[in-house]
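The structure file start_21.cif is reproduced below (mmCIF, C-alpha atoms).
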```cif
data_entry
#
loop_
_atom_site.label_atom_id
_atom_site.label_comp_id
_atom_site.auth_asym_id
_atom_site.auth_seq_id
_atom_site.Cartn_x
_atom_site.Cartn_y
_atom_site.Cartn_z
CA MET A 1 5.42 6.65 -13.16
CA TYR A 2 2.50 7.81 -15.37
CA ILE A 3 -0.01 7.14 -12.57
CA LYS A 4 2.16 8.94 -10.02
CA ASN A 5 2.58 11.98 -12.28
CA THR A 6 -1.17 12.06 -13.00
CA VAL A 7 -2.03 12.09 -9.29
CA LEU A 8 0.55 14.82 -8.63
CA ALA A 9 -0.76 16.89 -11.56
CA ALA A 10 -4.33 16.62 -10.30
CA ALA A 11 -3.20 17.75 -6.86
CA ALA A 12 -1.32 20.72 -8.33
CA LEU A 13 -4.41 21.84 -10.26
CA LEU A 14 -6.55 21.64 -7.15
CA LEU A 15 -4.02 23.61 -5.13
CA ALA A 16 -3.81 26.30 -7.80
CA ALA A 17 -7.58 26.57 -8.00
CA SER A 18 -7.85 27.21 -4.27
CA ALA A 19 -4.71 29.27 -3.70
CA GLN A 20 -6.63 32.03 -1.93
CA ALA A 21 -8.82 29.71 0.12
CA GLN A 22 -8.56 28.78 3.76
CA ILE A 23 -6.54 25.60 4.27
CA ALA A 24 -5.83 23.04 6.98
CA VAL A 25 -3.30 20.28 7.53
CA THR A 26 -3.72 16.86 9.13
CA ALA A 27 -1.03 14.59 10.61
CA GLU A 28 -2.12 10.97 10.93
CA VAL A 29 -1.07 7.39 11.54
CA GLY A 30 -2.73 4.12 10.56
CA THR A 31 -2.65 1.12 8.25
CA THR A 32 -1.15 3.24 5.45
CA GLY A 33 1.74 4.32 7.67
CA VAL A 34 2.60 7.79 8.93
CA GLY A 35 1.33 10.61 6.75
CA ALA A 36 -0.17 14.05 6.30
CA HIS A 37 -2.88 15.73 4.23
CA LEU A 38 -3.38 19.29 3.04
CA ILE A 39 -7.08 20.18 3.05
CA PHE A 40 -8.82 22.97 1.16
CA PRO A 41 -12.44 23.78 0.23
CA MET A 42 -14.03 23.06 -3.14
CA GLU A 43 -17.69 23.81 -2.41
CA LYS A 44 -19.73 24.54 0.71
CA THR A 45 -19.93 20.87 1.72
CA LEU A 46 -17.03 19.50 -0.36
CA ASN A 47 -13.36 19.54 0.65
CA ALA A 48 -10.34 18.21 -1.21
CA ARG A 49 -7.35 16.50 0.37
CA PHE A 50 -3.86 15.96 -1.03
CA GLY A 51 -1.53 13.80 0.99
CA ALA A 52 1.14 11.16 1.29
CA SER A 53 2.06 8.38 3.71
CA TYR A 54 4.99 6.03 4.24
CA PHE A 55 6.14 3.18 6.44
CA GLN A 56 8.29 0.05 6.15
CA TYR A 57 8.99 -2.94 8.36
CA LYS A 58 10.59 -6.39 8.28
CA TYR A 59 9.07 -9.68 9.39
CA ASN A 60 9.33 -13.44 8.86
CA ASP A 61 6.53 -15.31 7.12
CA THR A 62 5.75 -18.32 4.95
CA ALA A 63 4.28 -18.24 1.44
CA SER A 64 3.11 -21.68 0.32
CA THR A 65 5.91 -23.94 1.66
CA VAL A 66 8.83 -21.50 1.56
CA HIS A 67 9.97 -19.46 4.57
CA TYR A 68 10.95 -15.85 3.84
CA THR A 69 12.36 -12.76 5.43
CA MET A 70 10.02 -10.08 4.12
CA LYS A 71 10.19 -6.30 3.96
CA ALA A 72 6.89 -4.50 3.47
CA LYS A 73 6.94 -0.96 2.15
CA LEU A 74 3.82 1.22 2.37
CA GLN A 75 3.98 4.38 0.26
CA ASN A 76 0.97 6.26 -1.07
CA ILE A 77 0.16 9.62 -2.65
CA ASP A 78 -3.53 10.46 -2.85
CA VAL A 79 -6.08 13.00 -3.99
CA LEU A 80 -9.31 12.61 -2.01
CA PHE A 81 -12.65 14.40 -1.91
CA ASP A 82 -14.66 14.66 1.31
CA TRP A 83 -18.40 15.25 1.02
CA HIS A 84 -19.93 16.51 4.26
CA LEU A 85 -23.64 15.82 3.94
CA ILE A 86 -24.42 18.82 6.16
CA ASP A 87 -22.45 22.07 6.23
CA ASN A 88 -19.82 22.01 9.02
CA SER A 89 -20.76 18.41 9.89
CA PRO A 90 -17.80 16.21 10.98
CA PHE A 91 -19.16 13.12 9.20
CA ARG A 92 -17.96 12.68 5.62
CA LEU A 93 -18.10 10.35 2.65
CA THR A 94 -14.75 10.09 0.86
CA GLY A 95 -13.66 9.00 -2.60
CA GLY A 96 -10.54 9.54 -4.63
CA VAL A 97 -7.55 8.11 -6.43
CA VAL A 98 -4.28 6.87 -4.93
CA TYR A 99 -0.82 6.30 -6.35
CA ASN A 100 -0.26 2.93 -4.71
CA GLY A 101 3.39 2.13 -4.05
CA ASN A 102 2.69 -0.70 -1.61
CA LYS A 103 5.00 -3.67 -2.17
CA VAL A 104 6.70 -6.57 -0.41
CA SER A 105 10.21 -7.86 -1.10
CA MET A 106 11.26 -11.30 0.13
CA VAL A 107 14.38 -13.42 0.55
CA ALA A 108 14.05 -17.17 1.16
CA ARG A 109 15.25 -18.52 4.51
CA GLN A 110 16.69 -22.03 4.80
CA ASP A 111 15.52 -24.30 7.60
CA SER A 112 17.66 -25.54 10.49
CA ASN A 113 19.00 -28.34 8.28
CA GLY A 114 20.16 -25.96 5.56
CA ASN A 115 17.35 -26.87 3.16
CA TYR A 116 14.50 -25.21 1.27
CA ASN A 117 11.08 -26.82 0.85
CA ILE A 118 10.03 -25.78 -2.65
CA ASN A 119 6.74 -27.11 -4.04
CA GLY A 120 6.86 -29.95 -1.52
CA LYS A 121 10.38 -31.02 -2.47
CA THR A 122 13.51 -30.64 -0.35
CA TYR A 123 16.49 -28.84 -1.88
CA ALA A 124 19.84 -28.13 -0.27
CA ALA A 125 20.26 -24.37 0.07
CA SER A 126 23.88 -24.72 -1.03
CA GLN A 127 22.68 -26.02 -4.40
CA VAL A 128 19.68 -23.76 -4.89
CA GLY A 129 21.70 -20.55 -4.88
CA ILE A 130 19.71 -17.34 -4.49
CA LEU A 131 15.92 -17.41 -4.14
CA ASN A 132 14.11 -14.13 -3.73
CA GLY A 133 11.03 -12.34 -4.99
CA GLY A 134 8.40 -9.75 -4.31
CA ILE A 135 4.77 -8.71 -4.59
CA GLU A 136 3.50 -5.50 -6.15
CA TYR A 137 0.05 -4.12 -6.91
CA ASN A 138 -1.61 -1.80 -9.41
CA LYS A 139 -0.13 1.69 -9.17
CA GLY A 140 -3.46 3.41 -9.72
CA ALA A 141 -5.97 2.50 -7.00
CA PRO A 142 -9.44 3.93 -6.27
CA TYR A 143 -10.38 4.67 -2.66
CA LEU A 144 -13.80 4.73 -0.99
CA GLY A 145 -14.56 5.28 2.66
CA VAL A 146 -16.17 7.27 5.43
CA GLY A 147 -14.60 9.55 7.96
CA TRP A 148 -15.00 11.88 10.91
CA GLY A 149 -13.73 15.42 11.20
CA ASN A 150 -14.07 18.62 9.21
CA ALA A 151 -10.79 20.50 9.47
CA LEU A 152 -12.29 23.55 7.74
CA SER A 153 -15.32 23.96 10.00
CA THR A 154 -15.58 27.35 11.64
CA ASP A 155 -15.91 26.34 15.31
CA LYS A 156 -12.29 25.50 16.24
CA LYS A 157 -8.79 25.27 14.80
CA TRP A 158 -7.68 21.92 16.29
CA GLN A 159 -9.76 18.83 15.54
CA PHE A 160 -9.66 15.05 15.59
CA SER A 161 -9.71 13.23 12.25
CA ALA A 162 -10.40 9.59 11.35
CA ASP A 163 -10.76 7.55 8.16
CA LEU A 164 -12.24 4.10 7.59
CA GLY A 165 -12.21 2.77 4.05
CA ALA A 166 -10.74 0.48 1.44
CA LEU A 167 -8.09 0.78 -1.24
CA TRP A 168 -8.66 -1.39 -4.31
CA GLN A 169 -5.14 -2.64 -5.14
CA GLY A 170 -6.19 -5.15 -7.77
CA HIS A 171 -4.60 -8.47 -8.66
CA PRO A 172 -1.17 -8.93 -7.00
CA ASN A 173 1.82 -9.33 -9.28
CA GLY A 174 4.18 -11.91 -7.81
CA ARG A 175 7.82 -12.41 -8.66
CA LEU A 176 9.97 -15.35 -7.54
CA VAL A 177 13.45 -15.72 -9.03
CA GLN A 178 16.11 -18.36 -8.49
CA SER A 179 19.68 -18.09 -9.73
CA GLY A 180 23.00 -19.83 -9.19
CA CYS A 181 21.86 -23.47 -9.11
CA THR A 182 24.90 -25.75 -8.62
CA ALA A 183 23.13 -29.12 -8.85
CA THR A 184 22.99 -31.34 -11.93
CA SER A 185 21.35 -30.04 -15.09
CA ALA A 186 18.31 -32.24 -14.55
CA ALA A 187 17.97 -31.15 -10.91
CA CYS A 188 18.27 -27.47 -11.87
CA THR A 189 15.57 -27.91 -14.52
CA GLN A 190 13.24 -29.49 -11.96
CA LEU A 191 14.07 -26.72 -9.49
CA ALA A 192 13.07 -24.10 -12.07
CA ARG A 193 9.72 -25.86 -12.55
CA ASP A 194 9.10 -26.01 -8.81
CA VAL A 195 9.98 -22.34 -8.38
CA ALA A 196 7.45 -21.46 -11.11
CA VAL A 197 4.77 -23.44 -9.27
CA GLU A 198 5.69 -21.71 -6.00
CA ARG A 199 5.25 -18.32 -7.63
CA VAL A 200 1.68 -19.21 -8.65
CA LYS A 201 0.94 -20.49 -5.13
CA MET A 202 2.43 -17.34 -3.63
CA GLU A 203 0.11 -15.15 -5.71
CA ALA A 204 -2.86 -17.27 -4.63
CA ASP A 205 -1.90 -16.80 -0.97
CA VAL A 206 -2.08 -13.00 -1.24
CA GLN A 207 -5.31 -12.74 -3.26
CA ALA A 208 -7.12 -11.52 -0.15
CA TYR A 209 -5.07 -8.32 -0.25
CA LYS A 210 -6.65 -7.08 -3.48
CA VAL A 211 -8.62 -4.82 -1.15
CA TYR A 212 -6.39 -3.08 1.40
CA PRO A 213 -8.16 -1.84 4.57
CA VAL A 214 -7.52 1.77 5.51
CA LEU A 215 -7.88 2.89 9.11
CA ARG A 216 -6.31 6.21 10.10
CA ALA A 217 -6.50 8.59 13.04
CA GLY A 218 -4.95 12.02 13.30
CA VAL A 219 -5.10 15.63 14.37
CA SER A 220 -5.87 18.55 12.06
CA TYR A 221 -5.11 22.26 12.34
CA ARG A 222 -6.90 25.03 10.42
CA PHE A 223 -4.79 28.06 9.45
#
```
Once you've parsed the file, please lay out its structure as structure tokens.
Amino acid sequence: MYIKNTVLAAAALLLAASAQAQIAVTAEVGTTGVGAHLIFPMEKTLNARFGASYFQYKYNDTASTVHYTMKAKLQNIDVLFDWHLIDNSPFRLTGGVVYNGNKVSMVARQDSNGNYNINGKTYAASQVGILNGGIEYNKGAPYLGVGWGNALSTDKKWQFSADLGALWQGHPNGRLVQSGCTATSAACTQLARDVAVERVKMEADVQAYKVYPVLRAGVSYRF
């Protein structure tokens, strides 16, 4: 919550500082979901952007040896700065900070025989009980990238906009929880150990997503 409030406060200060300036708005879609940005000038070749994006979807996947039904939620709030190397040039270098609400929730799916494969061992789903988890990332994430489009240039009101960059999400925080084991005490103890090993394997599987690729395209309008 602190990171989110900090990003929002920074955006509010920027908006207040440019209350009398010309502004533009961009609607866009891409790997961060569906979103929009409010754009206003800071200096002759420097613009600021404040925006948000959101999307969610469900899919089936496997982490380590366990099959899951997963729900990915993409939700970001960002404050970005676009440096146009030449005045009115569409090419830009972009950097900023993002409140990163990206996360994945997961519920284990039993196989056709009614079993789970946990850490290489077969367990009856009826004895395992509930097995679910999730993956979250650092809430504060720096962003670096390049882009095309200068919504505040003086030649036309409608323009194309594109971003290509990377969001540094950091080390993923995995959670895998089992509850309601109905097997023997010894079997439940072993199950708990195997679930703990699966959680470590799950985190290892998603290490590649420490850096989240950002590709967006949209249309901007200058007021």
Tell me which protein, DNA and RNA residues are within 9 Å of Lys71 (chain A), counting all atoms listed in the file, leaving out same-chain ones fewer than 6 positions away, and put them as a tab-separated table (two decimals) with C-alpha atoms, in the coordinates of the input.
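File written: selection-v2.tsv
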```
chain	number	residue	atom	x	y	z
A	56	GLN	CA	8.29	0.05	6.15
A	57	TYR	CA	8.99	-2.94	8.36
A	58	LYS	CA	10.59	-6.39	8.28
A	59	TYR	CA	9.07	-9.68	9.39
A	60	ASN	CA	9.33	-13.44	8.86
A	103	LYS	CA	5.00	-3.67	-2.17
A	104	VAL	CA	6.70	-6.57	-0.41
A	105	SER	CA	10.21	-7.86	-1.10
A	106	MET	CA	11.26	-11.30	0.13
A	107	VAL	CA	14.38	-13.42	0.55
```
* **Of the listed residues A:Leu131, A:Val146, A:Ala36, A:Ala108, that which approaches Ala192 (chain A) most closely, counting only C-alpha atoms** => A:Leu131
* Test item: the PyMOL selection byres ((chain A and resi 133-137) around 12) resolved as a PyMOL selection string -> chain A and resi 63+66-76+98-108+130-132+138-141+167-179+195-196+198-200+202-207+209-212
* Asked: What does the distance from CA of Ser185 (chain A) to CA of Ser64 (chain A) come to in Å, to one decimal?
  -> 25.3 Å
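The smallest atom-to-atom distance between Leu164 (chain A) and any of A:Thr32, A:Gln22, A:Thr189, A:Thr184, using all atoms listed in the file, is found for A:Thr32.
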* Asked: So which residues touch region 148-151 of chain A within 10 Å, counting all atoms listed in the file, skipping near sequence neighbours fewer than 4 positions away, as a ChimeraX atom specification?
  -> /A:23-26,38-41,45,47,82-84,87-93,155-164,217-223
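Coordinates place CA of Asp61 (chain A) at a distance of 16.3 Å from CA of Asn115 (chain A).
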* 6 Å contact set for Asn117 (chain A), only C-alpha atoms, chain neighbours under 2 positions out, as a ChimeraX atom specification -> /A:65-66,120-122
Please report, as AutoDock Vina command-line options, the centre and edge lengths in Å to one decimal of an axis-aligned box covering all listed atoms of region 103-112 of chain A with 5 Å per side.
```
--center_x 11.3 --center_y -14.6 --center_z 4.2 --size_x 22.7 --size_y 31.9 --size_z 22.7
```
* Asked: Which one of A:Thr31, A:Ile77, A:Ser153, A:Arg216 sits closest to Ser53 (chain A) if you count only C-alpha atoms?
  ->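 Selected residue with least distance to Ser53 (chain A): A:Ile77.
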* In Å, with one decimal, what is the gap from CA of Gln110 (chain A) to CA of Ala183 (chain A)? -> 16.7 Å
* **Output check: residues returned by the PyMOL selection byres ((chain A and resi 124) around 12), as a PyMOL selection string** => chain A and resi 109-118+121-123+125-130+181-183+187-188+191
* **Selected residue, from A:Val97, A:Leu85, A:Ala166, A:Leu215, that lies nearest to Phe50 (chain A) when counting only C-alpha atoms** =>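 Checking each of A:Val97, A:Leu85, A:Ala166, A:Leu215 against Phe50 (chain A), counting only C-alpha atoms, the winner is A:Val97.
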* Find the residue from A:Ala52, A:Asn119, A:Gly180, A:Leu152 that sits nearest to Asp194 (chain A); use all atoms listed in the file when measuring. =>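 Distance minimum relative to Asp194 (chain A) lands on A:Asn119.
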* Using only C-alpha atoms, which of the listed residues (A:Gly147, A:Gly51, A:Leu46, A:Gly165) sits closest to Ala27 (chain A)? -> A:Gly51
